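Okay, run_10.cif now, which holds mmCIF, C-alpha atoms, pLDDT in the B column; chains and numbers go by the auth columns:
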```
data_query
#
loop_
_atom_site.group_PDB
_atom_site.id
_atom_site.type_symbol
_atom_site.label_atom_id
_atom_site.label_comp_id
_atom_site.label_asym_id
_atom_site.label_seq_id
_atom_site.Cartn_x
_atom_site.Cartn_y
_atom_site.Cartn_z
_atom_site.B_iso_or_equiv
_atom_site.auth_seq_id
_atom_site.auth_asym_id
ATOM 1 C CA LYS A 1 -7.493 18.920 4.558 79.00 21 A
ATOM 2 C CA PRO A 2 -5.565 15.699 3.878 83.00 22 A
ATOM 3 C CA GLU A 3 -5.095 13.444 6.875 87.00 23 A
ATOM 4 C CA TYR A 4 -2.562 11.007 5.459 91.00 24 A
ATOM 5 C CA LEU A 5 0.823 11.307 3.839 89.00 25 A
ATOM 6 C CA ARG A 6 2.576 8.793 1.607 90.00 26 A
ATOM 7 C CA PRO A 7 6.032 10.228 1.066 87.00 27 A
ATOM 8 C CA PRO A 8 7.358 9.809 -2.479 85.00 28 A
ATOM 9 C CA TYR A 9 9.374 6.601 -2.788 86.00 29 A
ATOM 10 C CA GLY A 10 8.521 5.872 0.842 87.00 30 A
ATOM 11 C CA SER A 11 11.462 8.062 1.765 85.00 31 A
ATOM 12 C CA TRP A 12 11.215 9.252 5.338 81.00 32 A
ATOM 13 C CA ASN A 13 13.634 10.899 7.726 76.00 33 A
ATOM 14 C CA GLU A 14 13.666 12.909 10.954 74.00 34 A
ATOM 15 C CA GLU A 15 13.509 16.197 9.053 72.00 35 A
ATOM 16 C CA LEU A 16 10.204 15.172 7.458 71.00 36 A
ATOM 17 C CA GLU A 17 8.940 13.877 10.774 69.00 37 A
ATOM 18 C CA CYS A 18 9.399 17.327 12.285 67.00 38 A
ATOM 19 C CA ALA A 19 7.759 19.045 9.294 75.00 39 A
ATOM 20 C CA THR A 20 4.356 17.341 9.436 78.00 40 A
ATOM 21 C CA ASP A 21 1.824 16.158 11.949 81.00 41 A
ATOM 22 C CA MET A 22 -0.005 14.042 9.376 86.00 42 A
ATOM 23 C CA THR A 23 -0.435 10.310 9.719 91.00 43 A
ATOM 24 C CA VAL A 24 2.098 8.557 7.484 92.00 44 A
ATOM 25 C CA VAL A 25 0.805 5.504 5.632 95.00 45 A
ATOM 26 C CA LEU A 26 3.297 3.320 3.801 95.00 46 A
ATOM 27 C CA TRP A 27 2.813 -0.216 2.478 96.00 47 A
ATOM 28 C CA SER A 28 3.616 -3.824 3.276 97.00 48 A
ATOM 29 C CA VAL A 29 3.459 -5.180 -0.302 98.00 49 A
ATOM 30 C CA ASP A 30 5.393 -3.400 -3.049 97.00 50 A
ATOM 31 C CA PRO A 31 5.449 -5.072 -6.457 97.00 51 A
ATOM 32 C CA GLU A 32 7.780 -2.336 -7.747 95.00 52 A
ATOM 33 C CA ASP A 33 5.457 -2.008 -10.710 94.00 53 A
ATOM 34 C CA TRP A 34 7.431 0.962 -12.037 92.00 54 A
ATOM 35 C CA LYS A 35 10.547 -1.158 -12.694 93.00 55 A
ATOM 36 C CA ASP A 36 9.493 -3.323 -15.604 93.00 56 A
ATOM 37 C CA MET A 37 5.732 -2.820 -15.963 92.00 57 A
ATOM 38 C CA ASN A 38 5.173 -6.572 -16.171 96.00 58 A
ATOM 39 C CA THR A 39 1.572 -7.428 -15.344 97.00 59 A
ATOM 40 C CA GLU A 40 2.135 -11.159 -14.830 98.00 60 A
ATOM 41 C CA ARG A 41 5.084 -10.641 -12.453 98.00 61 A
ATOM 42 C CA GLU A 42 3.185 -8.037 -10.449 97.00 62 A
ATOM 43 C CA VAL A 43 0.135 -10.262 -10.045 98.00 63 A
ATOM 44 C CA LYS A 44 2.222 -13.245 -8.895 98.00 64 A
ATOM 45 C CA LEU A 45 4.176 -11.166 -6.380 98.00 65 A
ATOM 46 C CA ILE A 46 1.155 -9.431 -4.896 98.00 66 A
ATOM 47 C CA VAL A 47 -0.937 -12.587 -4.616 98.00 67 A
ATOM 48 C CA SER A 48 1.959 -14.462 -2.999 98.00 68 A
ATOM 49 C CA GLU A 49 2.734 -11.691 -0.474 98.00 69 A
ATOM 50 C CA ALA A 50 -0.786 -10.532 0.372 97.00 70 A
ATOM 51 C CA GLN A 51 -2.067 -11.264 3.837 97.00 71 A
ATOM 52 C CA ASP A 52 -4.850 -10.091 6.088 96.00 72 A
ATOM 53 C CA GLY A 53 -4.242 -6.423 6.922 97.00 73 A
ATOM 54 C CA ALA A 54 -1.723 -5.750 4.167 98.00 74 A
ATOM 55 C CA ILE A 55 -1.435 -2.430 2.384 98.00 75 A
ATOM 56 C CA ILE A 56 -0.549 -2.906 -1.289 97.00 76 A
ATOM 57 C CA LEU A 57 1.233 -0.172 -3.239 96.00 77 A
ATOM 58 C CA MET A 58 0.471 0.187 -6.938 95.00 78 A
ATOM 59 C CA HIS A 59 0.635 3.052 -9.404 93.00 79 A
ATOM 60 C CA ASP A 60 -2.357 3.737 -11.638 93.00 80 A
ATOM 61 C CA ILE A 61 -0.257 5.668 -14.172 94.00 81 A
ATOM 62 C CA PHE A 62 0.888 2.441 -15.838 95.00 82 A
ATOM 63 C CA PRO A 63 -1.640 0.440 -17.895 96.00 83 A
ATOM 64 C CA GLU A 64 0.156 -2.776 -16.889 96.00 84 A
ATOM 65 C CA SER A 65 -0.375 -1.953 -13.215 96.00 85 A
ATOM 66 C CA VAL A 66 -4.047 -1.258 -13.784 97.00 86 A
ATOM 67 C CA ASP A 67 -4.377 -4.633 -15.535 98.00 87 A
ATOM 68 C CA ALA A 68 -2.488 -6.268 -12.668 98.00 88 A
ATOM 69 C CA ALA A 69 -4.704 -4.588 -10.075 97.00 89 A
ATOM 70 C CA LEU A 70 -7.850 -5.909 -11.747 97.00 90 A
ATOM 71 C CA GLN A 71 -6.437 -9.444 -11.774 98.00 91 A
ATOM 72 C CA VAL A 72 -5.208 -9.156 -8.177 98.00 92 A
ATOM 73 C CA VAL A 73 -8.621 -8.029 -6.974 98.00 93 A
ATOM 74 C CA ASP A 74 -10.293 -10.970 -8.709 98.00 94 A
ATOM 75 C CA GLN A 75 -7.778 -13.524 -7.412 98.00 95 A
ATOM 76 C CA LEU A 76 -7.639 -12.267 -3.834 98.00 96 A
ATOM 77 C CA HIS A 77 -11.387 -11.739 -3.686 97.00 97 A
ATOM 78 C CA SER A 78 -11.859 -15.383 -4.710 98.00 98 A
ATOM 79 C CA GLN A 79 -9.629 -16.308 -1.729 97.00 99 A
ATOM 80 C CA GLY A 80 -11.904 -14.378 0.628 97.00 100 A
ATOM 81 C CA TYR A 81 -10.025 -11.096 0.827 97.00 101 A
ATOM 82 C CA LEU A 82 -11.943 -7.835 0.965 96.00 102 A
ATOM 83 C CA PHE A 83 -10.646 -4.469 -0.215 96.00 103 A
ATOM 84 C CA CYS A 84 -11.176 -1.229 1.641 96.00 104 A
ATOM 85 C CA THR A 85 -9.784 2.193 2.373 94.00 105 A
ATOM 86 C CA VAL A 86 -7.063 2.827 4.943 94.00 106 A
ATOM 87 C CA ASP A 87 -9.695 4.302 7.266 93.00 107 A
ATOM 88 C CA GLU A 88 -11.875 1.209 6.950 96.00 108 A
ATOM 89 C CA LEU A 89 -8.947 -1.173 7.392 97.00 109 A
ATOM 90 C CA PHE A 90 -7.727 0.327 10.639 97.00 110 A
ATOM 91 C CA ALA A 91 -11.244 0.906 11.995 96.00 111 A
ATOM 92 C CA ALA A 92 -12.049 -2.777 11.419 95.00 112 A
ATOM 93 C CA ARG A 93 -9.021 -3.648 13.553 95.00 113 A
ATOM 94 C CA GLY A 94 -9.930 -1.145 16.250 96.00 114 A
ATOM 95 C CA ILE A 95 -6.695 0.742 15.611 96.00 115 A
ATOM 96 C CA ALA A 96 -6.930 4.504 16.019 95.00 116 A
ATOM 97 C CA LEU A 97 -4.588 6.185 13.564 94.00 117 A
ATOM 98 C CA GLU A 98 -2.540 8.856 15.294 91.00 118 A
ATOM 99 C CA SER A 99 -1.130 12.026 13.798 88.00 119 A
ATOM 100 C CA GLY A 100 2.626 11.926 13.453 83.00 120 A
ATOM 101 C CA GLU A 101 2.725 8.117 13.532 88.00 121 A
ATOM 102 C CA MET A 102 3.706 5.771 10.696 90.00 122 A
ATOM 103 C CA TYR A 103 1.784 2.678 9.599 95.00 123 A
ATOM 104 C CA TRP A 104 2.688 -0.089 7.091 95.00 124 A
ATOM 105 C CA ASN A 105 -0.124 -2.544 7.718 97.00 125 A
ATOM 106 C CA ALA A 106 -2.940 -3.554 10.038 97.00 126 A
ATOM 107 C CA TYR A 107 -1.912 -7.148 10.639 94.00 127 A
ATOM 108 C CA PRO A 108 -3.951 -8.996 13.259 84.00 128 A
#
```
Translate the structure of the given file into structure tokens.
Amino acid sequence: KPEYLRPPYGSWNEELECATDMTVVLWSVDPEDWKDMNTEREVKLIVSEAQDGAIILMHDIFPESVDAALQVVDQLHSQGYLFCTVDELFAARGIALESGEMYWNAYP
């Protein structure tokens, strides 16, 4: 059974809140990769906005986004960033994810 919900477009309202008890996970960095599918722009935006505990939204349905993701991983990894799952991120911070709550990041 899924534990997390990412509502399409990040659209959330009280009606949805009453309809689910899942943990809602959104994002703190959105390169809007669907707008122009521009790898270089996406990489620059993500690298400039990334910070410890960030959740980055990207869509793997666009080849440009996949290319951008590979470059972002290389660049941020070289700066000391590590990549992990949502579970791992929040566990590393000692944050217990709660059903019905909404999370955008795990900033220190």
Assuming the chain letters and numbering stay as they are in my file, what does the PyMOL selection byres ((chain A and resi 110) around 12) actually select? List them as an mmCIF file with C-alpha atoms, in the frame of the given file.
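And here's out10.cif as it stands now:
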```
data_model
loop_
_atom_site.group_PDB
_atom_site.id
_atom_site.type_symbol
_atom_site.label_atom_id
_atom_site.label_comp_id
_atom_site.auth_asym_id
_atom_site.auth_seq_id
_atom_site.Cartn_x
_atom_site.Cartn_y
_atom_site.Cartn_z
ATOM 1 C CA VAL A 45 0.805 5.504 5.632
ATOM 2 C CA ASP A 72 -4.850 -10.091 6.088
ATOM 3 C CA GLY A 73 -4.242 -6.423 6.922
ATOM 4 C CA ALA A 74 -1.723 -5.750 4.167
ATOM 5 C CA ILE A 75 -1.435 -2.430 2.384
ATOM 6 C CA CYS A 104 -11.176 -1.229 1.641
ATOM 7 C CA THR A 105 -9.784 2.193 2.373
ATOM 8 C CA VAL A 106 -7.063 2.827 4.943
ATOM 9 C CA ASP A 107 -9.695 4.302 7.266
ATOM 10 C CA GLU A 108 -11.875 1.209 6.950
ATOM 11 C CA LEU A 109 -8.947 -1.173 7.392
ATOM 12 C CA ALA A 111 -11.244 0.906 11.995
ATOM 13 C CA ALA A 112 -12.049 -2.777 11.419
ATOM 14 C CA ARG A 113 -9.021 -3.648 13.553
ATOM 15 C CA GLY A 114 -9.930 -1.145 16.250
ATOM 16 C CA ILE A 115 -6.695 0.742 15.611
ATOM 17 C CA ALA A 116 -6.930 4.504 16.019
ATOM 18 C CA LEU A 117 -4.588 6.185 13.564
ATOM 19 C CA GLU A 118 -2.540 8.856 15.294
ATOM 20 C CA TYR A 123 1.784 2.678 9.599
ATOM 21 C CA TRP A 124 2.688 -0.089 7.091
ATOM 22 C CA ASN A 125 -0.124 -2.544 7.718
ATOM 23 C CA ALA A 126 -2.940 -3.554 10.038
ATOM 24 C CA TYR A 127 -1.912 -7.148 10.639
ATOM 25 C CA PRO A 128 -3.951 -8.996 13.259
#
```
message: Env of Val86 of chain A: 12 Å cut, atoms = only C-alpha atoms, seq-sep filter 3 positions within chain, self excluded. Answer as a ChimeraX atom specification.
response: /A:53-54,57-60,62-63,77-83,89-93
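Take the candidates A:Val67, A:Leu36, A:Ile76, A:Leu25 and check each one against Val49 of chain A using all atoms listed in the file; the shortest distance goes to A:Ile76.
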task: Step by step, work through what the PyMOL selection byres ((chain A and resi 120) around 7) selects in the shown file, and finish by giving those residues as a VMD selection string.
output: chain A and resid 40 to 44 118 to 119 121 to 122
field: Atomic separation - atom CA of Gly30 of chain A relative to atom CA of Gly100 of chain A, Å
entry: 28.8 Å
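Taking atom CA of Lys64 of chain A as the reference point, atom CA of Ser48 of chain A is found at 15.5 Å.
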Grab all the atoms of segment 82-85 of chain A that the file lists, wrap them in a box along x, y and z, add 6 Å per side, and give me centre plus edge lengths in Å (one decimal) as JSON.
```
{"center_x": -0.4, "center_y": -0.2, "center_z": -15.6, "size_x": 14.5, "size_y": 17.2, "size_z": 16.7}
```
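Relative to atom CA of Glu69 of chain A, atom CA of Glu52 of chain A is found at 12.9 Å.
Take the candidates A:Asp50, A:Glu23, A:Ser68, A:Glu84 and check each one against Leu96 of chain A using all atoms listed in the file; the shortest distance goes to A:Ser68.
The nearest approach to Arg26 of chain A among the residues A:Ser85, A:Trp47, A:Leu65, A:Gln71, with all atoms listed in the file taken into account, belongs to A:Trp47.
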Could you give me segment 99-110 of chain A completed to all heavy atoms, formatted as a PDB file, in the frame of the given file?
```pdb
ATOM      1  N   GLN A  99     -10.223 -15.662  -2.912  1.00 97.00           N
ATOM      2  CA  GLN A  99      -9.629 -16.308  -1.729  1.00 97.00           C
ATOM      3  C   GLN A  99     -10.242 -15.785  -0.431  1.00 97.00           C
ATOM      4  O   GLN A  99      -9.805 -16.150   0.657  1.00 97.00           O
ATOM      5  CB  GLN A  99      -8.116 -16.068  -1.701  1.00 97.00           C
ATOM      6  CG  GLN A  99      -7.357 -16.713  -2.827  1.00 97.00           C
ATOM      7  CD  GLN A  99      -5.874 -16.373  -2.777  1.00 97.00           C
ATOM      8  OE1 GLN A  99      -5.300 -16.146  -1.707  1.00 97.00           O
ATOM      9  NE2 GLN A  99      -5.240 -16.327  -3.934  1.00 97.00           N
ATOM     10  N   GLY A 100     -11.223 -14.877  -0.558  1.00 97.00           N
ATOM     11  CA  GLY A 100     -11.904 -14.378   0.628  1.00 97.00           C
ATOM     12  C   GLY A 100     -11.434 -13.017   1.108  1.00 97.00           C
ATOM     13  O   GLY A 100     -11.942 -12.510   2.115  1.00 97.00           O
ATOM     14  N   TYR A 101     -10.487 -12.422   0.424  1.00 97.00           N
ATOM     15  CA  TYR A 101     -10.025 -11.096   0.827  1.00 97.00           C
ATOM     16  C   TYR A 101     -11.048 -10.039   0.445  1.00 97.00           C
ATOM     17  O   TYR A 101     -11.742 -10.156  -0.564  1.00 97.00           O
ATOM     18  CB  TYR A 101      -8.697 -10.745   0.147  1.00 97.00           C
ATOM     19  CG  TYR A 101      -7.512 -11.466   0.719  1.00 97.00           C
ATOM     20  CD1 TYR A 101      -7.068 -12.658   0.153  1.00 97.00           C
ATOM     21  CD2 TYR A 101      -6.826 -10.958   1.815  1.00 97.00           C
ATOM     22  CE1 TYR A 101      -5.970 -13.321   0.664  1.00 97.00           C
ATOM     23  CE2 TYR A 101      -5.728 -11.611   2.333  1.00 97.00           C
ATOM     24  CZ  TYR A 101      -5.303 -12.799   1.761  1.00 97.00           C
ATOM     25  OH  TYR A 101      -4.218 -13.456   2.270  1.00 97.00           O
ATOM     26  N   LEU A 102     -11.118  -8.999   1.255  1.00 96.00           N
ATOM     27  CA  LEU A 102     -11.943  -7.835   0.965  1.00 96.00           C
ATOM     28  C   LEU A 102     -11.013  -6.640   0.787  1.00 96.00           C
ATOM     29  O   LEU A 102      -9.934  -6.597   1.366  1.00 96.00           O
ATOM     30  CB  LEU A 102     -12.919  -7.564   2.112  1.00 96.00           C
ATOM     31  CG  LEU A 102     -13.877  -8.696   2.446  1.00 96.00           C
ATOM     32  CD1 LEU A 102     -14.711  -8.333   3.668  1.00 96.00           C
ATOM     33  CD2 LEU A 102     -14.778  -9.000   1.260  1.00 96.00           C
ATOM     34  N   PHE A 103     -11.450  -5.661   0.026  1.00 96.00           N
ATOM     35  CA  PHE A 103     -10.646  -4.469  -0.215  1.00 96.00           C
ATOM     36  C   PHE A 103     -11.361  -3.275   0.380  1.00 96.00           C
ATOM     37  O   PHE A 103     -12.597  -3.183   0.330  1.00 96.00           O
ATOM     38  CB  PHE A 103     -10.424  -4.285  -1.722  1.00 96.00           C
ATOM     39  CG  PHE A 103      -9.553  -5.368  -2.288  1.00 96.00           C
ATOM     40  CD1 PHE A 103     -10.099  -6.585  -2.648  1.00 96.00           C
ATOM     41  CD2 PHE A 103      -8.189  -5.183  -2.408  1.00 96.00           C
ATOM     42  CE1 PHE A 103      -9.300  -7.609  -3.141  1.00 96.00           C
ATOM     43  CE2 PHE A 103      -7.389  -6.195  -2.892  1.00 96.00           C
ATOM     44  CZ  PHE A 103      -7.942  -7.410  -3.259  1.00 96.00           C
ATOM     45  N   CYS A 104     -10.586  -2.371   0.966  1.00 96.00           N
ATOM     46  CA  CYS A 104     -11.176  -1.229   1.641  1.00 96.00           C
ATOM     47  C   CYS A 104     -10.189  -0.075   1.684  1.00 96.00           C
ATOM     48  O   CYS A 104      -9.030  -0.219   1.292  1.00 96.00           O
ATOM     49  CB  CYS A 104     -11.593  -1.629   3.056  1.00 96.00           C
ATOM     50  SG  CYS A 104     -10.221  -2.200   4.079  1.00 96.00           S
ATOM     51  N   THR A 105     -10.654   1.039   2.209  1.00 94.00           N
ATOM     52  CA  THR A 105      -9.784   2.193   2.373  1.00 94.00           C
ATOM     53  C   THR A 105      -8.916   2.010   3.619  1.00 94.00           C
ATOM     54  O   THR A 105      -9.178   1.135   4.458  1.00 94.00           O
ATOM     55  CB  THR A 105     -10.610   3.474   2.537  1.00 94.00           C
ATOM     56  OG1 THR A 105     -11.341   3.393   3.774  1.00 94.00           O
ATOM     57  CG2 THR A 105     -11.563   3.685   1.363  1.00 94.00           C
ATOM     58  N   VAL A 106      -7.918   2.856   3.746  1.00 94.00           N
ATOM     59  CA  VAL A 106      -7.063   2.827   4.943  1.00 94.00           C
ATOM     60  C   VAL A 106      -7.913   3.068   6.185  1.00 94.00           C
ATOM     61  O   VAL A 106      -7.759   2.361   7.196  1.00 94.00           O
ATOM     62  CB  VAL A 106      -5.935   3.876   4.818  1.00 94.00           C
ATOM     63  CG1 VAL A 106      -5.230   4.096   6.145  1.00 94.00           C
ATOM     64  CG2 VAL A 106      -4.938   3.458   3.751  1.00 94.00           C
ATOM     65  N   ASP A 107      -8.814   4.044   6.121  1.00 93.00           N
ATOM     66  CA  ASP A 107      -9.695   4.302   7.266  1.00 93.00           C
ATOM     67  C   ASP A 107     -10.476   3.063   7.662  1.00 93.00           C
ATOM     68  O   ASP A 107     -10.550   2.704   8.848  1.00 93.00           O
ATOM     69  CB  ASP A 107     -10.700   5.418   6.943  1.00 93.00           C
ATOM     70  CG  ASP A 107     -10.082   6.798   6.947  1.00 93.00           C
ATOM     71  OD1 ASP A 107      -9.127   7.021   7.711  1.00 93.00           O
ATOM     72  OD2 ASP A 107     -10.574   7.649   6.193  1.00 93.00           O
ATOM     73  N   GLU A 108     -11.069   2.406   6.679  1.00 96.00           N
ATOM     74  CA  GLU A 108     -11.875   1.209   6.950  1.00 96.00           C
ATOM     75  C   GLU A 108     -11.024   0.073   7.495  1.00 96.00           C
ATOM     76  O   GLU A 108     -11.448  -0.646   8.412  1.00 96.00           O
ATOM     77  CB  GLU A 108     -12.585   0.761   5.674  1.00 96.00           C
ATOM     78  CG  GLU A 108     -13.641   1.721   5.196  1.00 96.00           C
ATOM     79  CD  GLU A 108     -14.130   1.435   3.786  1.00 96.00           C
ATOM     80  OE1 GLU A 108     -13.406   0.785   2.993  1.00 96.00           O
ATOM     81  OE2 GLU A 108     -15.242   1.873   3.459  1.00 96.00           O
ATOM     82  N   LEU A 109      -9.841  -0.096   6.955  1.00 97.00           N
ATOM     83  CA  LEU A 109      -8.947  -1.173   7.392  1.00 97.00           C
ATOM     84  C   LEU A 109      -8.600  -1.038   8.868  1.00 97.00           C
ATOM     85  O   LEU A 109      -8.745  -1.985   9.649  1.00 97.00           O
ATOM     86  CB  LEU A 109      -7.672  -1.178   6.536  1.00 97.00           C
ATOM     87  CG  LEU A 109      -6.574  -2.156   6.929  1.00 97.00           C
ATOM     88  CD1 LEU A 109      -7.054  -3.596   6.807  1.00 97.00           C
ATOM     89  CD2 LEU A 109      -5.341  -1.918   6.068  1.00 97.00           C
ATOM     90  N   PHE A 110      -8.143   0.139   9.253  1.00 97.00           N
ATOM     91  CA  PHE A 110      -7.727   0.327  10.639  1.00 97.00           C
ATOM     92  C   PHE A 110      -8.920   0.357  11.595  1.00 97.00           C
ATOM     93  O   PHE A 110      -8.826  -0.142  12.714  1.00 97.00           O
ATOM     94  CB  PHE A 110      -6.829   1.557  10.762  1.00 97.00           C
ATOM     95  CG  PHE A 110      -5.448   1.301  10.233  1.00 97.00           C
ATOM     96  CD1 PHE A 110      -5.152   1.520   8.901  1.00 97.00           C
ATOM     97  CD2 PHE A 110      -4.458   0.794  11.052  1.00 97.00           C
ATOM     98  CE1 PHE A 110      -3.891   1.248   8.384  1.00 97.00           C
ATOM     99  CE2 PHE A 110      -3.188   0.524  10.558  1.00 97.00           C
ATOM    100  CZ  PHE A 110      -2.901   0.747   9.228  1.00 97.00           C
TER     101      PHE A 110
END
```
